[in-house]
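**Q** Sending over my_file_21.cif (mmCIF, C-alpha atoms and all ligand atoms).
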data_target
#
loop_
_atom_site.group_PDB
_atom_site.id
_atom_site.type_symbol
_atom_site.label_atom_id
_atom_site.label_comp_id
_atom_site.auth_asym_id
_atom_site.auth_seq_id
_atom_site.Cartn_x
_atom_site.Cartn_y
_atom_site.Cartn_z
ATOM 1 C CA ALA O 1 25.455 112.101 59.573
ATOM 2 C CA PRO O 2 24.830 111.321 55.902
ATOM 3 C CA ALA O 3 25.133 114.334 53.631
ATOM 4 C CA LYS O 4 21.979 116.371 53.238
ATOM 5 C CA GLU O 5 21.395 117.520 49.671
ATOM 6 C CA ARG O 6 21.025 121.138 50.681
ATOM 7 C CA ASP O 7 23.855 121.192 53.158
ATOM 8 C CA GLY O 8 26.609 123.738 52.865
ATOM 9 C CA GLY O 9 29.313 121.288 53.916
ATOM 10 C CA ASP O 10 31.705 121.975 56.770
ATOM 11 C CA ALA O 11 33.748 124.707 55.108
ATOM 12 C CA GLU O 12 35.681 126.780 57.635
ATOM 13 C CA GLU O 13 34.983 130.257 56.238
ATOM 14 C CA PRO O 14 31.427 131.667 56.256
ATOM 15 C CA ALA O 15 31.849 132.950 52.658
ATOM 16 C CA ALA O 16 33.008 129.524 51.470
ATOM 17 C CA ARG O 17 30.096 127.925 53.285
ATOM 18 C CA ASN O 18 27.692 130.238 51.472
ATOM 19 C CA SER O 19 29.126 129.512 48.021
ATOM 20 C CA ILE O 20 29.135 125.771 48.739
ATOM 21 C CA ALA O 21 25.512 126.058 49.840
ATOM 22 C CA ALA O 22 24.780 127.988 46.630
ATOM 23 C CA MET O 23 26.419 125.186 44.647
ATOM 24 C CA ALA O 24 24.272 122.611 46.444
ATOM 25 C CA ARG O 25 21.174 124.593 45.479
ATOM 26 C CA CYS O 26 22.318 124.547 41.822
ATOM 27 C CA TYR O 27 22.255 120.784 41.948
ATOM 28 C CA GLN O 28 18.591 120.629 42.943
ATOM 29 C CA GLY O 29 17.801 120.987 39.237
ATOM 30 C CA PHE O 30 20.157 118.220 38.073
ATOM 31 C CA ASP O 31 18.366 115.997 35.527
ATOM 32 C CA PRO O 32 20.050 112.587 35.133
ATOM 33 C CA ALA O 33 18.316 111.766 31.834
ATOM 34 C CA VAL O 34 19.334 115.045 30.218
ATOM 35 C CA TYR O 35 22.850 114.798 31.599
ATOM 36 C CA LEU O 36 23.237 111.274 30.219
ATOM 37 C CA GLN O 37 21.898 112.333 26.828
ATOM 38 C CA TYR O 38 24.277 115.323 26.632
ATOM 39 C CA ASN O 39 27.434 113.486 27.605
ATOM 40 C CA TYR O 40 26.978 109.724 27.188
ATOM 41 C CA THR O 41 25.483 109.399 23.719
ATOM 42 C CA ALA O 42 27.134 110.184 20.363
ATOM 43 C CA PRO O 43 29.236 112.096 19.433
ATOM 44 C CA ARG O 44 30.873 112.097 22.893
ATOM 45 C CA ALA O 45 30.140 108.383 23.258
ATOM 46 C CA ASP O 46 30.719 107.073 19.731
ATOM 47 C CA PHE O 47 32.388 103.655 19.907
ATOM 48 C CA GLY O 48 33.058 103.743 16.181
ATOM 49 C CA ARG O 49 35.305 106.819 16.489
ATOM 50 C CA ALA O 50 38.853 106.494 17.805
ATOM 51 C CA ASP O 51 38.795 110.184 18.835
ATOM 52 C CA SER O 52 35.487 110.058 20.740
ATOM 53 C CA ILE O 53 35.705 111.012 24.406
ATOM 54 C CA VAL O 54 34.168 107.987 26.071
ATOM 55 C CA PRO O 55 36.420 105.432 24.333
ATOM 56 C CA TRP O 56 39.403 107.538 25.440
ATOM 57 C CA LYS O 57 38.181 107.554 29.058
ATOM 58 C CA LEU O 58 37.495 103.807 29.032
ATOM 59 C CA ALA O 59 40.963 103.115 27.587
ATOM 60 C CA CYS O 60 42.618 105.210 30.335
ATOM 61 C CA LEU O 61 40.747 103.312 33.035
ATOM 62 C CA HIS O 62 41.428 99.922 31.432
ATOM 63 C CA GLU O 63 45.162 100.627 31.191
ATOM 64 C CA ALA O 64 45.314 101.906 34.772
ATOM 65 C CA PHE O 65 43.969 98.602 36.085
ATOM 66 C CA ALA O 66 45.759 96.392 33.520
ATOM 67 C CA GLU O 67 49.159 97.410 34.940
ATOM 68 C CA GLY O 68 48.429 95.247 37.976
ATOM 69 C CA ASP O 69 49.596 97.672 40.693
ATOM 70 C CA VAL O 70 46.035 98.779 41.568
ATOM 71 C CA LYS O 71 44.578 96.025 43.695
ATOM 72 C CA GLY O 72 42.835 95.168 46.948
ATOM 73 C CA GLU O 73 39.291 94.574 48.170
ATOM 74 C CA THR O 74 37.433 97.910 48.160
ATOM 75 C CA LEU O 75 36.970 100.525 45.441
ATOM 76 C CA VAL O 76 34.987 103.695 46.143
ATOM 77 C CA ASP O 77 33.602 105.846 43.327
ATOM 78 C CA VAL O 78 33.156 109.469 44.432
ATOM 79 C CA GLY O 79 30.332 111.441 42.837
ATOM 80 C CA SER O 80 29.140 108.602 40.599
ATOM 81 C CA GLY O 81 26.320 110.695 39.214
ATOM 82 C CA PRO O 82 23.976 108.526 37.127
ATOM 83 C CA THR O 83 26.899 106.806 35.367
ATOM 84 C CA LEU O 84 28.590 103.424 35.702
ATOM 85 C CA TYR O 85 31.252 103.536 32.971
ATOM 86 C CA GLN O 86 33.873 104.639 35.477
ATOM 87 C CA VAL O 87 33.802 101.277 37.325
ATOM 88 C CA LEU O 88 33.547 98.860 34.377
ATOM 89 C CA SER O 89 37.253 98.024 34.547
ATOM 90 C CA GLY O 90 37.680 98.270 38.312
ATOM 91 C CA CYS O 91 34.773 95.901 38.977
ATOM 92 C CA GLU O 92 36.926 93.024 37.675
ATOM 93 C CA VAL O 93 39.698 93.773 40.200
ATOM 94 C CA PHE O 94 37.789 94.585 43.401
ATOM 95 C CA GLY O 95 35.394 92.384 45.323
ATOM 96 C CA ARG O 96 33.558 95.392 46.767
ATOM 97 C CA VAL O 97 32.577 98.562 44.865
ATOM 98 C CA VAL O 98 30.929 101.442 46.704
ATOM 99 C CA LEU O 99 29.090 103.951 44.514
ATOM 100 C CA THR O 100 28.277 107.387 45.921
ATOM 101 C CA ASP O 101 26.446 110.549 44.981
ATOM 102 C CA PHE O 102 25.108 113.738 46.542
ATOM 103 C CA LEU O 103 21.671 113.463 44.940
ATOM 104 C CA GLU O 104 19.012 110.838 45.527
ATOM 105 C CA VAL O 105 17.892 111.152 41.891
ATOM 106 C CA ASN O 106 21.310 109.863 40.816
ATOM 107 C CA ARG O 107 21.494 107.148 43.460
ATOM 108 C CA ARG O 108 18.046 106.009 42.296
ATOM 109 C CA GLU O 109 19.236 105.894 38.668
ATOM 110 C CA LEU O 110 22.169 103.703 39.692
ATOM 111 C CA ARG O 111 19.974 101.379 41.766
ATOM 112 C CA ARG O 112 17.592 101.048 38.801
ATOM 113 C CA TRP O 113 20.346 99.588 36.627
ATOM 114 C CA LEU O 114 21.746 97.471 39.462
ATOM 115 C CA ALA O 115 18.293 95.970 39.976
ATOM 116 C CA ALA O 116 17.983 95.351 36.185
ATOM 117 C CA GLU O 117 14.773 97.392 36.137
ATOM 118 C CA GLU O 118 13.274 98.605 32.861
ATOM 119 C CA GLY O 119 13.627 102.164 31.610
ATOM 120 C CA GLY O 120 17.120 103.025 32.777
ATOM 121 C CA PHE O 121 20.098 104.072 30.663
ATOM 122 C CA ASP O 122 21.449 101.294 28.405
ATOM 123 C CA TRP O 123 25.056 100.608 29.364
ATOM 124 C CA THR O 124 25.353 97.621 26.992
ATOM 125 C CA PRO O 125 27.594 99.373 24.397
ATOM 126 C CA TYR O 126 29.903 100.438 27.246
ATOM 127 C CA LEU O 127 30.030 96.899 28.663
ATOM 128 C CA GLN O 128 30.754 95.505 25.193
ATOM 129 C CA HIS O 129 33.495 98.072 24.552
ATOM 130 C CA VAL O 130 35.311 97.340 27.823
ATOM 131 C CA CYS O 131 35.028 93.593 27.127
ATOM 132 C CA ARG O 132 36.759 94.227 23.790
ATOM 133 C CA LEU O 133 39.518 96.140 25.615
ATOM 134 C CA GLU O 134 39.896 93.135 27.916
ATOM 135 C CA GLY O 135 40.173 90.802 24.927
ATOM 136 C CA ARG O 136 37.057 88.943 25.993
ATOM 137 C CA GLY O 137 34.943 89.618 22.905
ATOM 138 C CA PRO O 138 31.713 91.633 23.046
ATOM 139 C CA SER O 139 29.513 88.650 23.970
ATOM 140 C CA ALA O 140 31.052 88.609 27.482
ATOM 141 C CA TRP O 141 29.157 91.807 28.289
ATOM 142 C CA ARG O 142 26.448 89.865 30.125
ATOM 143 C CA GLU O 143 29.095 88.340 32.413
ATOM 144 C CA LYS O 144 30.542 91.790 33.047
ATOM 145 C CA ALA O 145 27.101 93.164 33.860
ATOM 146 C CA ALA O 146 26.562 90.301 36.291
ATOM 147 C CA ARG O 147 30.014 90.882 37.825
ATOM 148 C CA LEU O 148 29.290 94.573 38.329
ATOM 149 C CA ARG O 149 25.922 93.845 39.916
ATOM 150 C CA SER O 150 27.570 91.297 42.196
ATOM 151 C CA VAL O 151 30.366 93.560 43.519
ATOM 152 C CA VAL O 152 28.488 96.843 44.022
ATOM 153 C CA SER O 153 27.686 96.628 47.724
ATOM 154 C CA GLU O 154 26.230 100.096 48.367
ATOM 155 C CA VAL O 155 25.051 103.324 46.695
ATOM 156 C CA LEU O 156 25.680 105.927 49.403
ATOM 157 C CA PRO O 157 25.150 109.655 49.980
ATOM 158 C CA ILE O 158 28.356 111.710 49.870
ATOM 159 C CA ASP O 159 29.431 115.326 50.294
ATOM 160 C CA VAL O 160 33.033 116.055 49.287
ATOM 161 C CA HIS O 161 32.906 119.413 51.109
ATOM 162 C CA ARG O 162 32.724 117.619 54.439
ATOM 163 C CA PRO O 163 36.002 116.560 56.076
ATOM 164 C CA CYS O 164 34.405 113.116 56.343
ATOM 165 C CA PRO O 165 32.537 112.880 53.015
ATOM 166 C CA LEU O 166 30.831 109.561 53.880
ATOM 167 C CA ALA O 167 28.919 108.404 56.951
ATOM 168 C CA PRO O 168 31.165 106.729 59.536
ATOM 169 C CA GLY O 169 31.716 103.017 58.911
ATOM 170 C CA SER O 170 30.964 103.247 55.167
ATOM 171 C CA LEU O 171 34.458 102.026 54.274
ATOM 172 C CA PRO O 172 37.063 99.836 56.022
ATOM 173 C CA ALA O 173 38.729 101.655 58.923
ATOM 174 C CA SER O 174 42.054 101.720 56.997
ATOM 175 C CA GLY O 175 40.326 103.254 53.944
ATOM 176 C CA ALA O 176 39.471 102.083 50.458
ATOM 177 C CA ASP O 177 42.206 100.450 48.375
ATOM 178 C CA CYS O 178 41.259 102.538 45.344
ATOM 179 C CA LEU O 179 39.222 105.686 44.713
ATOM 180 C CA VAL O 180 37.785 106.652 41.342
ATOM 181 C CA SER O 181 36.148 110.008 40.693
ATOM 182 C CA SER O 182 34.958 111.293 37.364
ATOM 183 C CA PHE O 183 33.974 114.895 36.535
ATOM 184 C CA CYS O 184 32.946 115.571 40.126
ATOM 185 C CA LEU O 185 35.265 117.748 42.193
ATOM 186 C CA GLU O 186 35.690 120.616 39.729
ATOM 187 C CA SER O 187 31.940 120.623 39.066
ATOM 188 C CA VAL O 188 30.873 120.934 42.670
ATOM 189 C CA SER O 189 33.500 123.391 43.929
ATOM 190 C CA PRO O 190 32.925 127.152 43.699
ATOM 191 C CA ASP O 191 36.638 127.937 43.513
ATOM 192 C CA LEU O 192 40.102 126.400 43.414
ATOM 193 C CA GLY O 193 40.498 126.502 47.194
ATOM 194 C CA SER O 194 37.369 124.425 47.778
ATOM 195 C CA PHE O 195 38.377 122.078 44.930
ATOM 196 C CA THR O 196 41.704 121.441 46.659
ATOM 197 C CA GLN O 197 39.981 121.059 50.018
ATOM 198 C CA ALA O 198 37.508 118.582 48.507
ATOM 199 C CA LEU O 199 40.429 116.618 47.058
ATOM 200 C CA ARG O 200 41.976 116.493 50.531
ATOM 201 C CA HIS O 201 38.682 115.280 51.968
ATOM 202 C CA VAL O 202 38.266 112.453 49.461
ATOM 203 C CA THR O 203 41.932 111.471 49.747
ATOM 204 C CA SER O 204 41.197 110.732 53.416
ATOM 205 C CA LEU O 205 38.919 107.915 52.203
ATOM 206 C CA VAL O 206 41.914 106.000 50.760
ATOM 207 C CA ARG O 207 44.355 103.843 52.710
ATOM 208 C CA PRO O 208 48.067 104.768 52.668
ATOM 209 C CA GLY O 209 49.554 103.125 49.563
ATOM 210 C CA GLY O 210 46.142 103.095 47.870
ATOM 211 C CA HIS O 211 45.458 104.543 44.431
ATOM 212 C CA VAL O 212 43.384 107.470 43.159
ATOM 213 C CA LEU O 213 42.094 107.641 39.576
ATOM 214 C CA LEU O 214 40.619 110.984 38.571
ATOM 215 C CA ILE O 215 38.916 112.020 35.358
ATOM 216 C CA GLY O 216 37.848 115.618 34.931
ATOM 217 C CA ALA O 217 37.393 118.698 32.814
ATOM 218 C CA LEU O 218 39.991 121.274 31.844
ATOM 219 C CA GLY O 219 38.994 124.842 31.061
ATOM 220 C CA GLU O 220 35.358 124.292 31.974
ATOM 221 C CA THR O 221 33.477 127.216 33.526
ATOM 222 C CA TYR O 222 29.928 125.824 33.257
ATOM 223 C CA TYR O 223 27.885 122.869 32.116
ATOM 224 C CA MET O 224 24.188 122.208 31.485
ATOM 225 C CA ALA O 225 22.882 119.772 34.097
ATOM 226 C CA GLY O 226 19.336 119.925 32.753
ATOM 227 C CA ARG O 227 17.413 121.617 29.920
ATOM 228 C CA ASP O 228 17.792 125.022 31.592
ATOM 229 C CA VAL O 229 20.048 124.168 34.534
ATOM 230 C CA ARG O 230 23.453 125.784 34.248
ATOM 231 C CA VAL O 231 26.033 124.781 36.863
ATOM 232 C CA PRO O 232 29.252 126.772 37.380
ATOM 233 C CA VAL O 233 32.546 124.862 37.270
ATOM 234 C CA VAL O 234 35.957 125.914 38.572
ATOM 235 C CA PRO O 235 38.181 126.086 35.471
ATOM 236 C CA LEU O 236 41.298 123.941 35.836
ATOM 237 C CA ASP O 237 44.476 123.802 33.810
ATOM 238 C CA GLU O 238 47.396 121.378 34.081
ATOM 239 C CA ALA O 239 49.323 123.627 36.479
ATOM 240 C CA THR O 240 46.466 124.253 38.917
ATOM 241 C CA LEU O 241 45.467 120.588 38.783
ATOM 242 C CA CYS O 242 48.988 119.406 39.642
ATOM 243 C CA GLY O 243 49.212 122.062 42.351
ATOM 244 C CA SER O 244 46.022 120.776 43.981
ATOM 245 C CA LEU O 245 47.231 117.196 43.698
ATOM 246 C CA LYS O 246 50.490 118.118 45.455
ATOM 247 C CA ALA O 247 48.625 120.083 48.133
ATOM 248 C CA SER O 248 46.465 117.030 48.841
ATOM 249 C CA GLY O 249 49.583 114.883 49.382
ATOM 250 C CA LEU O 250 48.985 112.572 46.430
ATOM 251 C CA GLU O 251 51.894 111.237 44.373
ATOM 252 C CA LEU O 252 51.257 111.712 40.642
ATOM 253 C CA LEU O 253 51.946 108.518 38.661
ATOM 254 C CA ARG O 254 50.412 109.464 35.300
ATOM 255 C CA LEU O 255 48.640 112.445 33.724
ATOM 256 C CA CYS O 256 46.981 112.068 30.302
ATOM 257 C CA ILE O 257 45.192 114.889 28.528
ATOM 258 C CA TYR O 258 42.591 114.732 25.739
ATOM 259 C CA THR O 259 41.868 117.885 23.737
ATOM 260 C CA LEU O 260 38.308 118.086 22.435
ATOM 261 C CA PRO O 261 37.963 118.153 18.648
ATOM 262 C CA ALA O 262 35.553 120.818 17.391
ATOM 263 C CA ASP O 263 32.683 118.369 16.844
ATOM 264 C CA MET O 264 32.890 117.183 20.468
ATOM 265 C CA ARG O 265 32.093 120.726 21.608
ATOM 266 C CA VAL O 266 28.334 120.343 21.466
ATOM 267 C CA GLY O 267 27.156 123.350 23.430
ATOM 268 C CA VAL O 268 26.354 121.637 26.728
ATOM 269 C CA ASP O 269 29.493 123.009 28.401
ATOM 270 C CA ASP O 270 32.692 124.867 27.524
ATOM 271 C CA VAL O 271 35.130 122.040 28.209
ATOM 272 C CA SER O 272 38.380 122.359 26.279
ATOM 273 C CA GLY O 273 40.100 119.211 27.518
ATOM 274 C CA ILE O 274 39.782 116.130 29.695
ATOM 275 C CA PHE O 275 42.386 114.907 32.161
ATOM 276 C CA PHE O 276 43.070 111.421 33.450
ATOM 277 C CA ILE O 277 45.196 111.130 36.574
ATOM 278 C CA LYS O 278 46.603 107.995 38.187
ATOM 279 C CA ALA O 279 47.970 108.845 41.619
ATOM 280 C CA ARG O 280 48.917 107.121 44.836
ATOM 281 C CA LYS O 281 48.518 108.043 48.487
ATOM 282 C CA PRO O 282 51.960 107.611 50.062
ATOM 283 C CA GLN O 283 52.506 104.924 52.660
ATOM 284 C CA LEU O 284 52.684 106.224 56.220
ATOM 285 C CA GLY O 285 56.196 107.476 56.890
ATOM 286 C CA GLY O 286 56.578 108.254 53.176
ATOM 287 C CA GLY O 287 58.053 104.824 52.364
ATOM 288 C CA GLY O 288 57.763 103.121 48.951
ATOM 289 C CA ASP O 289 55.692 100.003 48.271
HETATM 290 N N1 LIG C 1 29.015 118.215 47.465
HETATM 291 C C1 LIG C 1 29.036 117.150 46.640
HETATM 292 N N2 LIG C 1 29.748 116.044 46.950
HETATM 293 C C2 LIG C 1 29.773 114.976 46.105
HETATM 294 N N3 LIG C 1 29.108 114.943 44.922
HETATM 295 C C3 LIG C 1 28.396 116.027 44.597
HETATM 296 C C4 LIG C 1 28.319 117.176 45.411
HETATM 297 N N4 LIG C 1 27.520 118.082 44.793
HETATM 298 C C5 LIG C 1 27.101 117.525 43.649
HETATM 299 N N5 LIG C 1 27.623 116.287 43.509
HETATM 300 C C6 LIG C 1 27.418 115.340 42.415
HETATM 301 O O1 LIG C 1 28.493 115.461 41.494
HETATM 302 C C7 LIG C 1 27.958 115.546 40.172
HETATM 303 C C8 LIG C 1 28.803 114.706 39.237
HETATM 304 S S1 LIG C 1 28.339 115.029 37.555
HETATM 305 C C9 LIG C 1 29.226 116.486 37.337
HETATM 306 C C10 LIG C 1 29.289 116.862 35.891
HETATM 307 N N6 LIG C 1 30.583 117.386 35.546
HETATM 308 C C11 LIG C 1 30.621 118.265 34.415
HETATM 309 C C12 LIG C 1 30.166 117.655 33.113
HETATM 310 C C13 LIG C 1 30.608 116.226 32.975
HETATM 311 C C14 LIG C 1 31.159 115.887 31.606
HETATM 312 C C15 LIG C 1 31.056 114.601 31.098
HETATM 313 C C16 LIG C 1 31.603 114.285 29.854
HETATM 314 C C17 LIG C 1 32.246 115.275 29.151
HETATM 315 N N7 LIG C 1 32.824 114.970 27.877
HETATM 316 O O2 LIG C 1 33.476 115.901 27.283
HETATM 317 O O3 LIG C 1 32.669 113.823 27.428
HETATM 318 C C18 LIG C 1 32.364 116.568 29.650
HETATM 319 C C19 LIG C 1 31.817 116.863 30.890
HETATM 320 C C20 LIG C 1 31.923 118.223 31.480
HETATM 321 N N8 LIG C 1 30.645 118.525 32.059
HETATM 322 C C21 LIG C 1 26.491 115.106 40.271
HETATM 323 O O4 LIG C 1 26.396 113.671 40.220
HETATM 324 C C22 LIG C 1 26.138 115.617 41.665
HETATM 325 O O5 LIG C 1 25.056 114.934 42.245
#
Could you render the structure as structure tokens?
**A**
Amino acid sequence: APAKERDGGDAEEPAARNSIAAMARCYQGFDPAVYLQYNYTAPRADFGRADSIVPWKLACLHEAFAEGDVKGETLVDVGSGPTLYQVLSGCEVFGRVVLTDFLEVNRRELRRWLAAEEGGFDWTPYLQHVCRLEGRGPSAWREKAARLRSVVSEVLPIDVHRPCPLAPGSLPASGADCLVSSFCLESVSPDLGSFTQALRHVTSLVRPGGHVLLIGALGETYYMAGRDVRVPVVPLDEATLCGSLKASGLELLRLCIYTLPADMRVGVDDVSGIFFIKARKPQLGGGGD
């Protein structure tokens, strides 16, 4: 059944189930507008600064797709939140993009932009920036917006703490060809064990030989998800991250790390770094390509 926003997932241990349920309750106060303002406006999203966080994230995603090895029909974005930047490169490669989030308020925010309704977040500077990365010139942003609107097929409920995070039949039986997830798993998991378990769950959504692109926070123990909504985060470092990746059976292809300059630490969280991971789910039988 589709994830219920107050569900405690299917964690095996009663204690884990309680802390996952507690995490779900934290998210009832999530405010998309505040979250977008805190993280997706300047200085963290300053397209005039080479060391701003969003341009770094968009460059990582652009390069990951530009290499040409990530291809297929279906891309799934896990824990989209109210943001679309994470699929601006992938939407040119895949004919079907599935967006997902745990909260209806976020799914509604995504649908608002997809329907070109008034009053939503303005992604134009992001579209223009990715067009520049693609050598298309900023005026192509309208084509990119139209492309994105044409390939997003669904905005679905998801719960990464369930062994099957999506409702049955949401993706092709063999799995998605590519999975993207940005700042989700570490922000919804009460501890490292449930983070690793959630990574295993979402890896099951990808076909053997498919790719996984992860963006996330290093050293983060909390973030503000609303004016007075503080959400705990499991703090990751490079070693624990790579350990979880190995435990989930993914093959690490690339790990890039961004260290926040002092003026990017704006008081809405205690992030010290950002990671970008390109990984692959091995073919069945462990063979190569
Ligand atoms: N059980 C669940 N399964 C799937 N998704 C779930 C579940 N529970 C909540 N969700 C869903 O996952 C959430 C995703 S947003 C999580 C925010 N992550 C932390 C935040 C992000 C951020 C952004 C930018 C920068 N920066 O430096 O530029 C730093 C940081 C660090 N702070 C939210 O959409 C919720 O709705």
**Q** Determine the axis-aligned bounding box of all atoms of segment 58-69 of chain O present in the file, pad each side by 3 Å, and express its centre and edge lengths in Å to one decimal place as JSON.
**A**
{"center_x": 43.5, "center_y": 100.2, "center_z": 34.1, "size_x": 18.1, "size_y": 16.0, "size_z": 19.1}
**Q** Got a sec to resolve the PyMOL selection byres (((chain O and resi 266) around 12) and not hetatm) on this structure and send the residues as a PDB file with C-alpha atoms, in the frame of the given file?
**A**
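And here is the file that came out, out.pdb:
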ATOM      1  CA  GLN O  37      21.898 112.333  26.828  1.00  0.00           C
ATOM      2  CA  TYR O  38      24.277 115.323  26.632  1.00  0.00           C
ATOM      3  CA  ASN O  39      27.434 113.486  27.605  1.00  0.00           C
ATOM      4  CA  THR O  41      25.483 109.399  23.719  1.00  0.00           C
ATOM      5  CA  ALA O  42      27.134 110.184  20.363  1.00  0.00           C
ATOM      6  CA  PRO O  43      29.236 112.096  19.433  1.00  0.00           C
ATOM      7  CA  ARG O  44      30.873 112.097  22.893  1.00  0.00           C
ATOM      8  CA  TYR O 223      27.885 122.869  32.116  1.00  0.00           C
ATOM      9  CA  MET O 224      24.188 122.208  31.485  1.00  0.00           C
ATOM     10  CA  LEU O 260      38.308 118.086  22.435  1.00  0.00           C
ATOM     11  CA  PRO O 261      37.963 118.153  18.648  1.00  0.00           C
ATOM     12  CA  ALA O 262      35.553 120.818  17.391  1.00  0.00           C
ATOM     13  CA  ASP O 263      32.683 118.369  16.844  1.00  0.00           C
ATOM     14  CA  MET O 264      32.890 117.183  20.468  1.00  0.00           C
ATOM     15  CA  ARG O 265      32.093 120.726  21.608  1.00  0.00           C
ATOM     16  CA  GLY O 267      27.156 123.350  23.430  1.00  0.00           C
ATOM     17  CA  VAL O 268      26.354 121.637  26.728  1.00  0.00           C
ATOM     18  CA  ASP O 269      29.493 123.009  28.401  1.00  0.00           C
ATOM     19  CA  ASP O 270      32.692 124.867  27.524  1.00  0.00           C
ATOM     20  CA  VAL O 271      35.130 122.040  28.209  1.00  0.00           C
ATOM     21  CA  SER O 272      38.380 122.359  26.279  1.00  0.00           C
TER      22      SER O 272
END
**Q** For the structure shown, which residues end up in the PyMOL selection byres (((chain O and resi 252) around 8) and not hetatm)? Put them as a list in words, please?
**A**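 After applying the PyMOL selection byres (((chain O and resi 252) around 8) and not hetatm), what remains is Leu245, Leu250, Glu251, Leu253, Arg254, Leu255, Ile277, Lys278, Ala279 and Arg280 of chain O.
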**Q** Counting only C-alpha atoms and all ligand atoms, name the residues that have an atom within 6 Å of an atom of ligand LIG 1 (chain C); the answer should be given as number ranges by chain.
**A** O: 24, 39, 44, 53, 79-81, 101-103, 158-161, 183-184, 187-188, 217, 223, 269, 271
**Q** Using all atoms listed in the file, which residue out of O:Gly243, O:Gly169, O:Pro125, O:Pro232 lies closest to Val54 of chain O?
**A**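 That would be O:Pro125, the residue with the smallest distance to Val54 of chain O.
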**Q** With distances taken over all atoms listed in the file, which of O:Glu154, O:Pro168, O:Arg207, O:Gly219 is nearest to Ile257 of chain O?
**A** O:Gly219
**Q** Name the closest residue to Gly119 of chain O among the candidates O:Val151, O:Ala145, O:Gly48, O:Ala33; distances are taken between atoms, counting all atoms listed in the file.
**A**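 Using all atoms listed in the file, Gly119 of chain O sits closest to O:Ala33.
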**Q** Find the residue from O:Asp191, O:Glu63, O:Glu109, O:Glu117 that sits nearest to Leu133 of chain O; use only C-alpha atoms when measuring.
**A**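 When distances to Leu133 of chain O are compared using only C-alpha atoms, the smallest one comes from O:Glu63.
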**Q** With a distance cut-off of 7 Å and only C-alpha atoms, select the neighbouring residues of segment 233-236 of chain O, excluding the residue or stretch itself and same-chain residues fewer than 3 positions from it, and output the selection as a list of chain:residue names.
**A**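 Selected residues are O:Glu186, O:Ser187, O:Val188, O:Ser189, O:Pro190, O:Asp191, O:Leu192, O:Leu218, O:Gly219, O:Glu220, O:Thr221, O:Tyr222, O:Thr240, O:Leu241.
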**Q** For the file shown, what are the residues hit by the PyMOL selection byres (((chain O and resi 144) around 12) and not hetatm), laid out as a ChimeraX atom specification?
**A** /O:85,87-93,123-132,134,136-143,145-151
**Q** Generate a file of the selected residues that holds C-alpha atoms, formatted as a PDB file, in the frame of the given file.
**A**
ATOM      1  CA  TYR O  85      31.252 103.536  32.971  1.00  0.00           C
ATOM      2  CA  VAL O  87      33.802 101.277  37.325  1.00  0.00           C
ATOM      3  CA  LEU O  88      33.547  98.860  34.377  1.00  0.00           C
ATOM      4  CA  SER O  89      37.253  98.024  34.547  1.00  0.00           C
ATOM      5  CA  GLY O  90      37.680  98.270  38.312  1.00  0.00           C
ATOM      6  CA  CYS O  91      34.773  95.901  38.977  1.00  0.00           C
ATOM      7  CA  GLU O  92      36.926  93.024  37.675  1.00  0.00           C
ATOM      8  CA  VAL O  93      39.698  93.773  40.200  1.00  0.00           C
ATOM      9  CA  TRP O 123      25.056 100.608  29.364  1.00  0.00           C
ATOM     10  CA  THR O 124      25.353  97.621  26.992  1.00  0.00           C
ATOM     11  CA  PRO O 125      27.594  99.373  24.397  1.00  0.00           C
ATOM     12  CA  TYR O 126      29.903 100.438  27.246  1.00  0.00           C
ATOM     13  CA  LEU O 127      30.030  96.899  28.663  1.00  0.00           C
ATOM     14  CA  GLN O 128      30.754  95.505  25.193  1.00  0.00           C
ATOM     15  CA  HIS O 129      33.495  98.072  24.552  1.00  0.00           C
ATOM     16  CA  VAL O 130      35.311  97.340  27.823  1.00  0.00           C
ATOM     17  CA  CYS O 131      35.028  93.593  27.127  1.00  0.00           C
ATOM     18  CA  ARG O 132      36.759  94.227  23.790  1.00  0.00           C
ATOM     19  CA  GLU O 134      39.896  93.135  27.916  1.00  0.00           C
ATOM     20  CA  ARG O 136      37.057  88.943  25.993  1.00  0.00           C
ATOM     21  CA  GLY O 137      34.943  89.618  22.905  1.00  0.00           C
ATOM     22  CA  PRO O 138      31.713  91.633  23.046  1.00  0.00           C
ATOM     23  CA  SER O 139      29.513  88.650  23.970  1.00  0.00           C
ATOM     24  CA  ALA O 140      31.052  88.609  27.482  1.00  0.00           C
ATOM     25  CA  TRP O 141      29.157  91.807  28.289  1.00  0.00           C
ATOM     26  CA  ARG O 142      26.448  89.865  30.125  1.00  0.00           C
ATOM     27  CA  GLU O 143      29.095  88.340  32.413  1.00  0.00           C
ATOM     28  CA  ALA O 145      27.101  93.164  33.860  1.00  0.00           C
ATOM     29  CA  ALA O 146      26.562  90.301  36.291  1.00  0.00           C
ATOM     30  CA  ARG O 147      30.014  90.882  37.825  1.00  0.00           C
ATOM     31  CA  LEU O 148      29.290  94.573  38.329  1.00  0.00           C
ATOM     32  CA  ARG O 149      25.922  93.845  39.916  1.00  0.00           C
ATOM     33  CA  SER O 150      27.570  91.297  42.196  1.00  0.00           C
ATOM     34  CA  VAL O 151      30.366  93.560  43.519  1.00  0.00           C
TER      35      VAL O 151
END
**Q** What does the distance from atom CA of Val202 of chain O to atom CA of Gly226 of chain O come to in Å, to one decimal?
**A**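 Rounded to one decimal, the two atoms are 26.3 Å apart.
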**Q** Could you tell me how far atom CA of Phe94 of chain O sits from atom CA of Ala176 of chain O, in Å to one decimal place?
**A**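 Spanning atom CA of Ala176 of chain O to atom CA of Phe94 of chain O is a straight-line distance of 10.4 Å.
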**Q** For Phe47 of chain O, which of O:Ala59, O:Arg17, O:Pro32, O:Leu114 is the closest residue, counting only C-alpha atoms?
**A**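 Smallest separation from Phe47 of chain O among the options: O:Ala59.
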